[in-house]
Number of protein chains: 2
Amino acid sequence: MRPTLGAATLLDRQSHKRHDAPYLEQLRAGAQAKFLVLADQKPVIRTNAERTEATIRWFSRDQLLRLGLPTADALFLGVDRVTGGGCFAVAVTEHRARNAPGGLELLRPIVDLRTLAMQGAMSSEELSLLGQAKALAAWHENARCCGHCGGTTLVKDGGWKRKCWACGQEQFPRTDPVVIMLIVDRAGDRCLLGHEARFMDKMYSALAGFIEPGEDIEHAVRRETQEETGIEVGDVRFHSTQPWPFPHSLMIGCIGIAKTTEVNVDPNELQEARWFPRAEVKLMLEGKHPDGLWVPGKQAIARALITAFVEGWWQD
Amino acid sequence: MRPTLGAATLLDRQSHKRHDAPYLEQLRAGAQAKFLVLADQKPVIRTNAERTEATIRWFSRDQLLRLGLPTADALFLGVDRVTGGGCFAVAVTEHRARNAPGGLELLRPIVDLRTLAMQGAMSSEELSLLGQAKALAAWHENARCCGHCGGTTLVKDGGWKRKCWACGQEQFPRTDPVVIMLIVDRAGDRCLLGHEARFMDKMYSALAGFIEPGEDIEHAVRRETQEETGIEVGDVRFHSTQPWPFPHSLMIGCIGIAKTTEVNVDPNELQEARWFPRAEVKLMLEGKHPDGLWVPGKQAIARALITAFVEGWWQD
């Protein structure tokens with residue numbers, strides 16, 4: 001598996017202590033406590049003048065109080081491995097952040113996480129931490145009312161649970177497992193890449209789709225590939241996983257070996273899909289394709305799969 | 001990866017046709033249409049007198065109409081690969097099933113899915129199909145109201161979507177990714193098995209826990225193992241996945257290599273955890289342990305991991 005370069009190097013989540021409200025309050029009130037701000041799920045960051053370096057902008061509790069931003073229901077991200085202080089996320093609307101007293105000065109720039117990841121100006125550890133906060137905040141957005149009875153739900157356990165005020169039903173953060181699969185032909189010479197209408201111009205990537213109830217990952221890889229391209233897949237090899245906070249997915253990367261070659265694209269799913277020989281894919285990875293075709297950047301698991309194909313990983 | 005012995009051999013899900021309401025209605029009204037019934041998420045089945053063989057009890061639309069059970073919002077499971085007929089699930093309360101006209105005769109036995117899986121009297125393909133239906137039905141139970149605004153949601157796309165009547169927000173079936181990991185010591189001679197308070201007496205199994213927002217599977221394996229037992233895990237190897245409809249999980253099975261050996265059990269999570277040498281685990285698999293200790297049956301991915309340890313799979 002690929003090494004984990006995530007927020008775990010910065011923070012200890014202390015998930016077994018989340019239910020301990022006095023402990024969390026002590027962390028929240030501590031001198032080392034720090035808070036990041038999400039405005040409509042987009043982080044407030046710091047950058048240098050050239051915007052080539054970006055870091056999370058951390059606030060103290062006092063700063064947030066002066067800005068009129070609430071810390072009571074702040075999401076508990078974990079404890080800083082260096083200072084031992086509690087790290088929290090405060091999720092507000094962009095409207096509120098922009099209208100906070102002094103907000104125009106302090107609460108900017110606000111950059112959406114996808115753009116931040118594309119720019120490559122932030123460390124993978126901090127991006128991972130923002131991903132954790134963003135995925136959690138996105139779940140809260142759609143868990144404000146109880147799915148069972150419609151009643152108002154309250155934040156519990158530092159934001160890792162919501163409980164219905166009316167019926168008592170508990171809800172936990174949602175993570176959607178997604179298969180992302182690079183399909184390789186039987187000889188191992190070509191791989192299948194697709195272009196979706198929503199993609200940027202000339203970008204091609206691996207196929208992907210949500211794992212459904214009752215499926216294992218092999219089944220989901222075969223079903224999605226068949227539906228989107230008509231290609232039948234035999235053997236499926238697991239490669240690696242990556243959390244992907246849009247809104248709160250777990251990408252499960254696989255290589256699948258095709259049993260057929262004729263591509264029939266479902267136009268509702270893909271604009272185009274075709275077989276690419278290894279030499280052409282290598283040029284796409286290197287940014288040297290004669291027609292300017294390209295593949296996702298190094299922040300994406302798709303690139304890891306495509307690199308694995310070029311290097312013949314699945315034939316080990 | 002382990003071969004898929006799932007419902008895919010019986011049904012084609014036709015997930016790309018679910019949005020086509022006239023097509024679904026045509027399937028539902030077709031002569032080959034068949035419906036299974038879930039009563040409080042427990043399937044109605046057929047068994048022989050000795051209860052050594054069990055199959056799904058399928059109903060025609062007419063039968064259900066006579067029983068007063070609704071088919072309009074039936075969950076679309078897929079198309080039978082042999083007959084081409086639509087297969088659906090009707091989810092009602094057990095109270096309603098037991099009080100249907102003629103219900104006492106037709107609507108039994110009703111057996112919960114976990115017991116059914118334990119008994120081993122039903123084929124893995126039919127169990128898998130019931131798992132798909134049950135996971136979907138369990139999601140519907142807690143998606144009746146909109147998490148965003150609390151409004152009533154309506155069933156769409158044959159039960160694969162719900163849409164808020166008030167704000168239009170869409171919801172999709174939920175699947176929770178769970179890591180289940182067998183931790184092996186550095187020498188590969190012993191594995192770590194735990195006993196939870198909710199387990200049956202003398203049963204030991206692999207550790208497990210939900211993957212959280214912002215985590216990949218390696219991170220979740222390390223965090224959960226550390227929290228539950230104090231053991232630090234280094235290398236993590238992916239083994240296989242299995243859908244697990246309690247209520248709607250995807251089990252992601254891994255082998256983890258321990259970096260430490262001292263076990264400190266978190267009593268909130270586990271009653272006991274300890275290292276078991278290979279020879280002892282082999283006796284547990286064979287049902288020959290001198291103290292009657294045992295491991296989960298062949299329906300569980302935990303057993304596949306434990307078998308992999310006994311056979312030295314992860315050392316390949």
# chains A, B, ... in the order shown; residues from 1 in each chain; ligands from 1
$ select_by_dssp --residues "region 180-275 of chain B" --states "alpha helix (DSSP H)" --output "PyMOL selection string"
chain B and resi 217-229
$ write_last_selection --atoms "all heavy atoms" --output "short mmCIF file (atom, residue, chain, number, x, y, z; two decimals), in the first residue's frame"
data_model
loop_
_atom_site.label_atom_id
_atom_site.label_comp_id
_atom_site.auth_asym_id
_atom_site.auth_seq_id
_atom_site.Cartn_x
_atom_site.Cartn_y
_atom_site.Cartn_z
N ILE B 217 -7.52 3.37 4.72
CA ILE B 217 -7.73 2.16 5.51
C ILE B 217 -6.54 1.86 6.42
O ILE B 217 -6.71 1.37 7.53
CB ILE B 217 -8.13 0.93 4.66
CG1 ILE B 217 -7.04 0.52 3.69
CG2 ILE B 217 -9.42 1.18 3.92
CD1 ILE B 217 -7.40 -0.76 2.93
N GLU B 218 -5.33 2.18 5.96
CA GLU B 218 -4.16 1.94 6.83
C GLU B 218 -4.28 2.74 8.14
O GLU B 218 -3.99 2.24 9.22
CB GLU B 218 -2.90 2.43 6.14
CG GLU B 218 -2.36 1.50 5.11
CD GLU B 218 -1.08 2.08 4.56
OE1 GLU B 218 -1.17 3.12 3.87
OE2 GLU B 218 -0.02 1.50 4.83
N HIS B 219 -4.67 4.00 7.99
CA HIS B 219 -4.79 4.86 9.15
C HIS B 219 -5.85 4.34 10.11
O HIS B 219 -5.65 4.30 11.34
CB HIS B 219 -5.13 6.29 8.70
CG HIS B 219 -5.21 7.28 9.81
ND1 HIS B 219 -6.39 7.55 10.45
CD2 HIS B 219 -4.27 8.02 10.41
CE1 HIS B 219 -6.16 8.45 11.41
NE2 HIS B 219 -4.89 8.75 11.39
N ALA B 220 -6.98 3.92 9.56
CA ALA B 220 -8.07 3.41 10.40
C ALA B 220 -7.64 2.13 11.13
O ALA B 220 -7.95 1.94 12.30
CB ALA B 220 -9.32 3.17 9.55
N VAL B 221 -6.92 1.25 10.42
CA VAL B 221 -6.43 0.01 11.05
C VAL B 221 -5.52 0.34 12.22
O VAL B 221 -5.65 -0.21 13.33
CB VAL B 221 -5.68 -0.87 10.02
CG1 VAL B 221 -4.87 -1.97 10.70
CG2 VAL B 221 -6.67 -1.48 9.02
N ARG B 222 -4.60 1.28 12.01
CA ARG B 222 -3.65 1.64 13.07
C ARG B 222 -4.35 2.32 14.24
O ARG B 222 -4.09 2.01 15.40
CB ARG B 222 -2.57 2.57 12.50
CG ARG B 222 -1.67 1.86 11.52
CD ARG B 222 -0.43 2.67 11.19
NE ARG B 222 0.32 1.96 10.16
CZ ARG B 222 0.60 2.44 8.95
NH1 ARG B 222 0.21 3.66 8.61
NH2 ARG B 222 1.25 1.72 8.07
N ARG B 223 -5.24 3.26 13.95
CA ARG B 223 -5.91 4.00 15.02
C ARG B 223 -6.78 3.08 15.86
O ARG B 223 -6.71 3.07 17.09
CB ARG B 223 -6.76 5.13 14.43
CG ARG B 223 -7.53 5.94 15.48
CD ARG B 223 -8.43 7.00 14.86
NE ARG B 223 -9.34 6.46 13.86
CZ ARG B 223 -10.43 5.75 14.13
NH1 ARG B 223 -10.75 5.48 15.38
NH2 ARG B 223 -11.19 5.28 13.15
N GLU B 224 -7.62 2.27 15.20
CA GLU B 224 -8.53 1.41 15.94
C GLU B 224 -7.77 0.39 16.78
O GLU B 224 -8.14 0.12 17.93
CB GLU B 224 -9.47 0.67 14.98
CG GLU B 224 -10.55 1.55 14.36
CD GLU B 224 -11.71 1.82 15.31
OE1 GLU B 224 -11.79 1.18 16.38
OE2 GLU B 224 -12.53 2.70 15.00
N THR B 225 -6.72 -0.19 16.22
CA THR B 225 -5.96 -1.20 16.96
C THR B 225 -5.29 -0.56 18.18
O THR B 225 -5.30 -1.11 19.28
CB THR B 225 -4.90 -1.85 16.05
OG1 THR B 225 -5.55 -2.37 14.89
CG2 THR B 225 -4.18 -2.98 16.76
N GLN B 226 -4.74 0.63 17.97
CA GLN B 226 -4.07 1.32 19.07
C GLN B 226 -5.07 1.67 20.18
O GLN B 226 -4.80 1.45 21.36
CB GLN B 226 -3.40 2.59 18.53
CG GLN B 226 -2.15 3.03 19.30
CD GLN B 226 -2.51 3.75 20.57
OE1 GLN B 226 -3.51 4.48 20.62
NE2 GLN B 226 -1.72 3.54 21.62
N GLU B 227 -6.23 2.18 19.79
CA GLU B 227 -7.22 2.58 20.79
C GLU B 227 -7.78 1.40 21.57
O GLU B 227 -7.99 1.47 22.78
CB GLU B 227 -8.40 3.30 20.11
CG GLU B 227 -8.08 4.72 19.72
CD GLU B 227 -9.18 5.33 18.86
OE1 GLU B 227 -10.26 4.72 18.75
OE2 GLU B 227 -8.93 6.40 18.29
N GLU B 228 -8.03 0.30 20.85
CA GLU B 228 -8.70 -0.83 21.50
C GLU B 228 -7.74 -1.70 22.30
O GLU B 228 -8.14 -2.30 23.29
CB GLU B 228 -9.42 -1.69 20.45
CG GLU B 228 -10.58 -0.94 19.81
CD GLU B 228 -11.43 -1.82 18.91
OE1 GLU B 228 -11.16 -3.04 18.82
OE2 GLU B 228 -12.37 -1.29 18.30
N THR B 229 -6.49 -1.81 21.86
CA THR B 229 -5.57 -2.76 22.50
C THR B 229 -4.22 -2.18 22.86
O THR B 229 -3.40 -2.87 23.47
CB THR B 229 -5.31 -3.97 21.56
OG1 THR B 229 -4.60 -3.50 20.41
CG2 THR B 229 -6.61 -4.62 21.13
#
$ interface_residues --of "chain B" --to "chain A" --cutoff "6 Å" --atoms "only C-alpha atoms" --output "VMD selection string"
chain B and resid 131 to 132 135 142 to 148 150 213 to 216 241 to 243
$ write_last_selection --atoms "all heavy atoms" --output "tab-separated table (two decimals), in the first residue's frame"
chain	number	residue	atom	x	y	z
B	131	GLY	N	-29.26	-9.58	1.76
B	131	GLY	CA	-28.41	-8.55	2.35
B	131	GLY	C	-28.54	-7.22	1.62
B	131	GLY	O	-28.64	-6.16	2.24
B	132	GLN	N	-28.56	-7.30	0.29
B	132	GLN	CA	-28.76	-6.09	-0.53
B	132	GLN	C	-30.08	-5.42	-0.17
B	132	GLN	O	-30.15	-4.21	0.08
B	132	GLN	CB	-28.73	-6.48	-2.01
B	132	GLN	CG	-29.04	-5.35	-2.97
B	132	GLN	CD	-29.21	-5.83	-4.42
B	132	GLN	OE1	-28.72	-6.90	-4.79
B	132	GLN	NE2	-29.89	-5.06	-5.23
B	135	ALA	N	-30.02	-4.01	3.55
B	135	ALA	CA	-29.21	-2.80	3.70
B	135	ALA	C	-29.95	-1.59	3.14
B	135	ALA	O	-29.96	-0.51	3.75
B	135	ALA	CB	-27.86	-2.97	3.01
B	142	ASN	N	-34.17	5.36	8.05
B	142	ASN	CA	-33.61	6.57	8.64
B	142	ASN	C	-33.41	7.69	7.63
B	142	ASN	O	-32.57	8.57	7.83
B	142	ASN	CB	-32.31	6.25	9.37
B	142	ASN	CG	-32.59	5.50	10.65
B	142	ASN	OD1	-33.43	5.92	11.44
B	142	ASN	ND2	-31.95	4.37	10.83
B	143	ALA	N	-34.17	7.63	6.54
B	143	ALA	CA	-34.07	8.69	5.53
B	143	ALA	C	-35.46	9.19	5.16
B	143	ALA	O	-35.65	9.79	4.11
B	143	ALA	CB	-33.32	8.16	4.30
B	144	ARG	N	-36.41	8.94	6.05
B	144	ARG	CA	-37.79	9.33	5.76
B	144	ARG	C	-37.98	10.84	5.79
B	144	ARG	O	-38.87	11.38	5.15
B	144	ARG	CB	-38.74	8.65	6.76
B	144	ARG	CG	-38.70	7.14	6.64
B	144	ARG	CD	-39.75	6.48	7.47
B	144	ARG	NE	-39.51	6.67	8.90
B	144	ARG	CZ	-40.06	5.93	9.84
B	144	ARG	NH1	-40.88	4.94	9.52
B	144	ARG	NH2	-39.81	6.15	11.11
B	145	CYS	N	-37.12	11.50	6.56
B	145	CYS	CA	-37.17	12.96	6.61
B	145	CYS	C	-35.85	13.52	6.12
B	145	CYS	O	-34.82	12.86	6.19
B	145	CYS	CB	-37.45	13.44	8.04
B	145	CYS	SG	-39.04	12.88	8.67
B	146	CYS	N	-35.90	14.73	5.62
B	146	CYS	CA	-34.73	15.38	5.04
B	146	CYS	C	-33.79	15.86	6.14
B	146	CYS	O	-34.21	16.59	7.04
B	146	CYS	CB	-35.20	16.55	4.18
B	146	CYS	SG	-33.86	17.54	3.50
B	147	GLY	N	-32.52	15.46	6.07
B	147	GLY	CA	-31.54	15.88	7.07
B	147	GLY	C	-31.26	17.37	7.01
B	147	GLY	O	-30.80	17.97	7.98
B	148	HIS	N	-31.56	17.96	5.86
B	148	HIS	CA	-31.28	19.38	5.66
B	148	HIS	C	-32.37	20.27	6.24
B	148	HIS	O	-32.11	21.23	6.94
B	148	HIS	CB	-31.12	19.63	4.16
B	148	HIS	CG	-30.48	20.92	3.84
B	148	HIS	ND1	-29.14	21.15	4.06
B	148	HIS	CD2	-30.98	22.08	3.33
B	148	HIS	CE1	-28.85	22.39	3.70
B	148	HIS	NE2	-29.94	22.97	3.26
B	150	GLY	N	-35.72	18.76	7.35
B	150	GLY	CA	-36.71	18.06	8.16
B	150	GLY	C	-37.98	17.69	7.42
B	150	GLY	O	-38.87	17.04	7.98
B	213	PRO	N	-14.15	10.05	8.56
B	213	PRO	CA	-13.83	11.07	7.56
B	213	PRO	C	-12.34	11.43	7.63
B	213	PRO	O	-11.79	11.59	8.72
B	213	PRO	CB	-14.68	12.27	7.98
B	213	PRO	CG	-15.85	11.67	8.69
B	213	PRO	CD	-15.32	10.44	9.37
B	214	GLY	N	-11.71	11.51	6.48
B	214	GLY	CA	-10.30	11.91	6.42
B	214	GLY	C	-9.32	10.78	6.59
B	214	GLY	O	-8.11	11.01	6.59
B	215	GLU	N	-9.80	9.53	6.74
B	215	GLU	CA	-8.88	8.40	6.93
B	215	GLU	C	-8.79	7.52	5.68
B	215	GLU	O	-9.79	7.32	5.01
B	215	GLU	CB	-9.39	7.50	8.06
B	215	GLU	CG	-9.17	8.04	9.44
B	215	GLU	CD	-9.49	7.01	10.51
B	215	GLU	OE1	-10.48	6.27	10.36
B	215	GLU	OE2	-8.75	6.95	11.50
B	216	ASP	N	-7.59	6.96	5.43
B	216	ASP	CA	-7.51	5.82	4.51
B	216	ASP	C	-7.54	4.55	5.37
B	216	ASP	O	-7.60	4.62	6.60
B	216	ASP	CB	-6.26	5.92	3.62
B	216	ASP	CG	-4.96	5.95	4.39
B	216	ASP	OD1	-4.94	5.50	5.54
B	216	ASP	OD2	-3.97	6.45	3.85
B	241	THR	N	-12.93	-7.73	0.65
B	241	THR	CA	-14.06	-6.98	1.21
B	241	THR	C	-15.32	-7.84	1.19
B	241	THR	O	-15.41	-8.83	0.45
B	241	THR	CB	-14.35	-5.67	0.44
B	241	THR	OG1	-14.67	-5.99	-0.93
B	241	THR	CG2	-13.17	-4.74	0.49
B	242	GLN	N	-16.28	-7.44	2.00
B	242	GLN	CA	-17.55	-8.16	2.08
B	242	GLN	C	-18.65	-7.19	2.53
B	242	GLN	O	-18.49	-6.49	3.53
B	242	GLN	CB	-17.44	-9.28	3.12
B	242	GLN	CG	-18.71	-10.10	3.26
B	242	GLN	CD	-18.62	-11.10	4.41
B	242	GLN	OE1	-18.08	-10.79	5.47
B	242	GLN	NE2	-19.15	-12.29	4.20
B	243	PRO	N	-19.76	-7.15	1.77
B	243	PRO	CA	-20.88	-6.35	2.26
B	243	PRO	C	-21.48	-7.01	3.50
B	243	PRO	O	-21.51	-8.25	3.59
B	243	PRO	CB	-21.87	-6.36	1.10
B	243	PRO	CG	-21.52	-7.56	0.29
B	243	PRO	CD	-20.07	-7.85	0.51
$ atom_distance --atom1 "CA of Leu207 (chain B)" --atom2 "CA of Glu272 (chain B)"
11.1 Å
$ closest_residue --among "B:Glu232, B:Asp291, B:Asp189, B:Glu126" --to "Asp201 (chain B)" --atoms "only C-alpha atoms"
B:Asp291
$ atom_distance --atom1 "CA of Pro277 (chain A)" --atom2 "CA of Tyr204 (chain A)"
13.4 Å
$ residues_around --residues "region 45-58 of chain B" --least-positions-apart "2" --cutoff "6 Å" --atoms "only C-alpha atoms" --output "PDB file with N, CA and C atoms, in the first residue's frame"
ATOM      1  N   LYS B  34     -41.452 -10.557  -9.406  1.00  0.00           N
ATOM      2  CA  LYS B  34     -41.549 -11.231  -8.112  1.00  0.00           C
ATOM      3  C   LYS B  34     -41.054 -10.319  -7.007  1.00  0.00           C
ATOM      4  N   PHE B  35     -41.642 -10.531  -5.835  1.00  0.00           N
ATOM      5  CA  PHE B  35     -41.431  -9.621  -4.700  1.00  0.00           C
ATOM      6  C   PHE B  35     -41.059 -10.437  -3.471  1.00  0.00           C
ATOM      7  N   LEU B  36     -40.014  -9.989  -2.772  1.00  0.00           N
ATOM      8  CA  LEU B  36     -39.762 -10.578  -1.457  1.00  0.00           C
ATOM      9  C   LEU B  36     -40.263  -9.591  -0.412  1.00  0.00           C
ATOM     10  N   PRO B 109     -42.088 -18.635   7.679  1.00  0.00           N
ATOM     11  CA  PRO B 109     -41.437 -17.991   8.820  1.00  0.00           C
ATOM     12  C   PRO B 109     -40.762 -16.679   8.454  1.00  0.00           C
ATOM     13  N   ALA B 121     -28.366 -22.593   6.139  1.00  0.00           N
ATOM     14  CA  ALA B 121     -29.360 -23.369   5.378  1.00  0.00           C
ATOM     15  C   ALA B 121     -29.710 -22.705   4.041  1.00  0.00           C
ATOM     16  N   MET B 122     -29.222 -21.481   3.824  1.00  0.00           N
ATOM     17  CA  MET B 122     -29.554 -20.766   2.591  1.00  0.00           C
ATOM     18  C   MET B 122     -28.297 -20.577   1.742  1.00  0.00           C
TER      19      MET B 122
END
$ decode --residues "region 220-231 of chain B" --atoms "all heavy atoms" --output "PDB file, in the first residue's frame"
ATOM      1  N   ALA B 220      -6.982   3.923   9.560  1.00  0.00           N
ATOM      2  CA  ALA B 220      -8.073   3.410  10.401  1.00  0.00           C
ATOM      3  C   ALA B 220      -7.645   2.129  11.126  1.00  0.00           C
ATOM      4  O   ALA B 220      -7.953   1.941  12.303  1.00  0.00           O
ATOM      5  CB  ALA B 220      -9.320   3.168   9.548  1.00  0.00           C
ATOM      6  N   VAL B 221      -6.915   1.247  10.424  1.00  0.00           N
ATOM      7  CA  VAL B 221      -6.431   0.009  11.052  1.00  0.00           C
ATOM      8  C   VAL B 221      -5.516   0.338  12.224  1.00  0.00           C
ATOM      9  O   VAL B 221      -5.651  -0.214  13.326  1.00  0.00           O
ATOM     10  CB  VAL B 221      -5.679  -0.872  10.020  1.00  0.00           C
ATOM     11  CG1 VAL B 221      -4.871  -1.970  10.704  1.00  0.00           C
ATOM     12  CG2 VAL B 221      -6.668  -1.481   9.021  1.00  0.00           C
ATOM     13  N   ARG B 222      -4.603   1.282  12.006  1.00  0.00           N
ATOM     14  CA  ARG B 222      -3.646   1.642  13.072  1.00  0.00           C
ATOM     15  C   ARG B 222      -4.350   2.321  14.240  1.00  0.00           C
ATOM     16  O   ARG B 222      -4.092   2.012  15.399  1.00  0.00           O
ATOM     17  CB  ARG B 222      -2.568   2.570  12.501  1.00  0.00           C
ATOM     18  CG  ARG B 222      -1.670   1.857  11.515  1.00  0.00           C
ATOM     19  CD  ARG B 222      -0.426   2.675  11.185  1.00  0.00           C
ATOM     20  NE  ARG B 222       0.324   1.961  10.156  1.00  0.00           N
ATOM     21  CZ  ARG B 222       0.596   2.444   8.946  1.00  0.00           C
ATOM     22  NH1 ARG B 222       0.209   3.664   8.611  1.00  0.00           N
ATOM     23  NH2 ARG B 222       1.252   1.718   8.068  1.00  0.00           N
ATOM     24  N   ARG B 223      -5.236   3.262  13.950  1.00  0.00           N
ATOM     25  CA  ARG B 223      -5.910   3.999  15.019  1.00  0.00           C
ATOM     26  C   ARG B 223      -6.783   3.078  15.861  1.00  0.00           C
ATOM     27  O   ARG B 223      -6.707   3.072  17.093  1.00  0.00           O
ATOM     28  CB  ARG B 223      -6.760   5.134  14.431  1.00  0.00           C
ATOM     29  CG  ARG B 223      -7.529   5.945  15.483  1.00  0.00           C
ATOM     30  CD  ARG B 223      -8.427   7.002  14.863  1.00  0.00           C
ATOM     31  NE  ARG B 223      -9.338   6.462  13.863  1.00  0.00           N
ATOM     32  CZ  ARG B 223     -10.427   5.747  14.128  1.00  0.00           C
ATOM     33  NH1 ARG B 223     -10.753   5.482  15.376  1.00  0.00           N
ATOM     34  NH2 ARG B 223     -11.185   5.276  13.151  1.00  0.00           N
ATOM     35  N   GLU B 224      -7.616   2.269  15.199  1.00  0.00           N
ATOM     36  CA  GLU B 224      -8.532   1.410  15.943  1.00  0.00           C
ATOM     37  C   GLU B 224      -7.772   0.386  16.782  1.00  0.00           C
ATOM     38  O   GLU B 224      -8.140   0.115  17.933  1.00  0.00           O
ATOM     39  CB  GLU B 224      -9.470   0.665  14.977  1.00  0.00           C
ATOM     40  CG  GLU B 224     -10.546   1.552  14.363  1.00  0.00           C
ATOM     41  CD  GLU B 224     -11.715   1.823  15.313  1.00  0.00           C
ATOM     42  OE1 GLU B 224     -11.787   1.182  16.379  1.00  0.00           O
ATOM     43  OE2 GLU B 224     -12.533   2.697  14.998  1.00  0.00           O
ATOM     44  N   THR B 225      -6.719  -0.193  16.223  1.00  0.00           N
ATOM     45  CA  THR B 225      -5.958  -1.197  16.963  1.00  0.00           C
ATOM     46  C   THR B 225      -5.289  -0.558  18.178  1.00  0.00           C
ATOM     47  O   THR B 225      -5.303  -1.113  19.284  1.00  0.00           O
ATOM     48  CB  THR B 225      -4.901  -1.848  16.048  1.00  0.00           C
ATOM     49  OG1 THR B 225      -5.554  -2.371  14.893  1.00  0.00           O
ATOM     50  CG2 THR B 225      -4.175  -2.982  16.760  1.00  0.00           C
ATOM     51  N   GLN B 226      -4.740   0.634  17.974  1.00  0.00           N
ATOM     52  CA  GLN B 226      -4.071   1.321  19.071  1.00  0.00           C
ATOM     53  C   GLN B 226      -5.072   1.668  20.180  1.00  0.00           C
ATOM     54  O   GLN B 226      -4.805   1.451  21.356  1.00  0.00           O
ATOM     55  CB  GLN B 226      -3.397   2.593  18.528  1.00  0.00           C
ATOM     56  CG  GLN B 226      -2.155   3.029  19.298  1.00  0.00           C
ATOM     57  CD  GLN B 226      -2.513   3.752  20.574  1.00  0.00           C
ATOM     58  OE1 GLN B 226      -3.507   4.477  20.625  1.00  0.00           O
ATOM     59  NE2 GLN B 226      -1.724   3.536  21.622  1.00  0.00           N
ATOM     60  N   GLU B 227      -6.234   2.178  19.789  1.00  0.00           N
ATOM     61  CA  GLU B 227      -7.223   2.584  20.789  1.00  0.00           C
ATOM     62  C   GLU B 227      -7.783   1.396  21.565  1.00  0.00           C
ATOM     63  O   GLU B 227      -7.986   1.467  22.775  1.00  0.00           O
ATOM     64  CB  GLU B 227      -8.397   3.301  20.114  1.00  0.00           C
ATOM     65  CG  GLU B 227      -8.077   4.723  19.720  1.00  0.00           C
ATOM     66  CD  GLU B 227      -9.178   5.330  18.864  1.00  0.00           C
ATOM     67  OE1 GLU B 227     -10.261   4.720  18.751  1.00  0.00           O
ATOM     68  OE2 GLU B 227      -8.933   6.395  18.294  1.00  0.00           O
ATOM     69  N   GLU B 228      -8.030   0.303  20.849  1.00  0.00           N
ATOM     70  CA  GLU B 228      -8.696  -0.833  21.500  1.00  0.00           C
ATOM     71  C   GLU B 228      -7.737  -1.705  22.301  1.00  0.00           C
ATOM     72  O   GLU B 228      -8.140  -2.305  23.293  1.00  0.00           O
ATOM     73  CB  GLU B 228      -9.423  -1.691  20.453  1.00  0.00           C
ATOM     74  CG  GLU B 228     -10.580  -0.939  19.806  1.00  0.00           C
ATOM     75  CD  GLU B 228     -11.432  -1.825  18.909  1.00  0.00           C
ATOM     76  OE1 GLU B 228     -11.156  -3.037  18.818  1.00  0.00           O
ATOM     77  OE2 GLU B 228     -12.371  -1.286  18.298  1.00  0.00           O
ATOM     78  N   THR B 229      -6.489  -1.810  21.859  1.00  0.00           N
ATOM     79  CA  THR B 229      -5.570  -2.761  22.495  1.00  0.00           C
ATOM     80  C   THR B 229      -4.217  -2.178  22.862  1.00  0.00           C
ATOM     81  O   THR B 229      -3.398  -2.873  23.473  1.00  0.00           O
ATOM     82  CB  THR B 229      -5.311  -3.971  21.559  1.00  0.00           C
ATOM     83  OG1 THR B 229      -4.597  -3.503  20.411  1.00  0.00           O
ATOM     84  CG2 THR B 229      -6.610  -4.625  21.131  1.00  0.00           C
ATOM     85  N   GLY B 230      -3.924  -0.924  22.464  1.00  0.00           N
ATOM     86  CA  GLY B 230      -2.614  -0.344  22.743  1.00  0.00           C
ATOM     87  C   GLY B 230      -1.509  -0.835  21.822  1.00  0.00           C
ATOM     88  O   GLY B 230      -0.367  -0.386  21.932  1.00  0.00           O
ATOM     89  N   ILE B 231      -1.830  -1.776  20.931  1.00  0.00           N
ATOM     90  CA  ILE B 231      -0.813  -2.329  20.021  1.00  0.00           C
ATOM     91  C   ILE B 231      -0.562  -1.366  18.861  1.00  0.00           C
ATOM     92  O   ILE B 231      -1.510  -0.875  18.244  1.00  0.00           O
ATOM     93  CB  ILE B 231      -1.269  -3.700  19.464  1.00  0.00           C
ATOM     94  CG1 ILE B 231      -1.384  -4.733  20.584  1.00  0.00           C
ATOM     95  CG2 ILE B 231      -0.345  -4.192  18.332  1.00  0.00           C
ATOM     96  CD1 ILE B 231      -0.077  -5.215  21.145  1.00  0.00           C
TER      97      ILE B 231
END
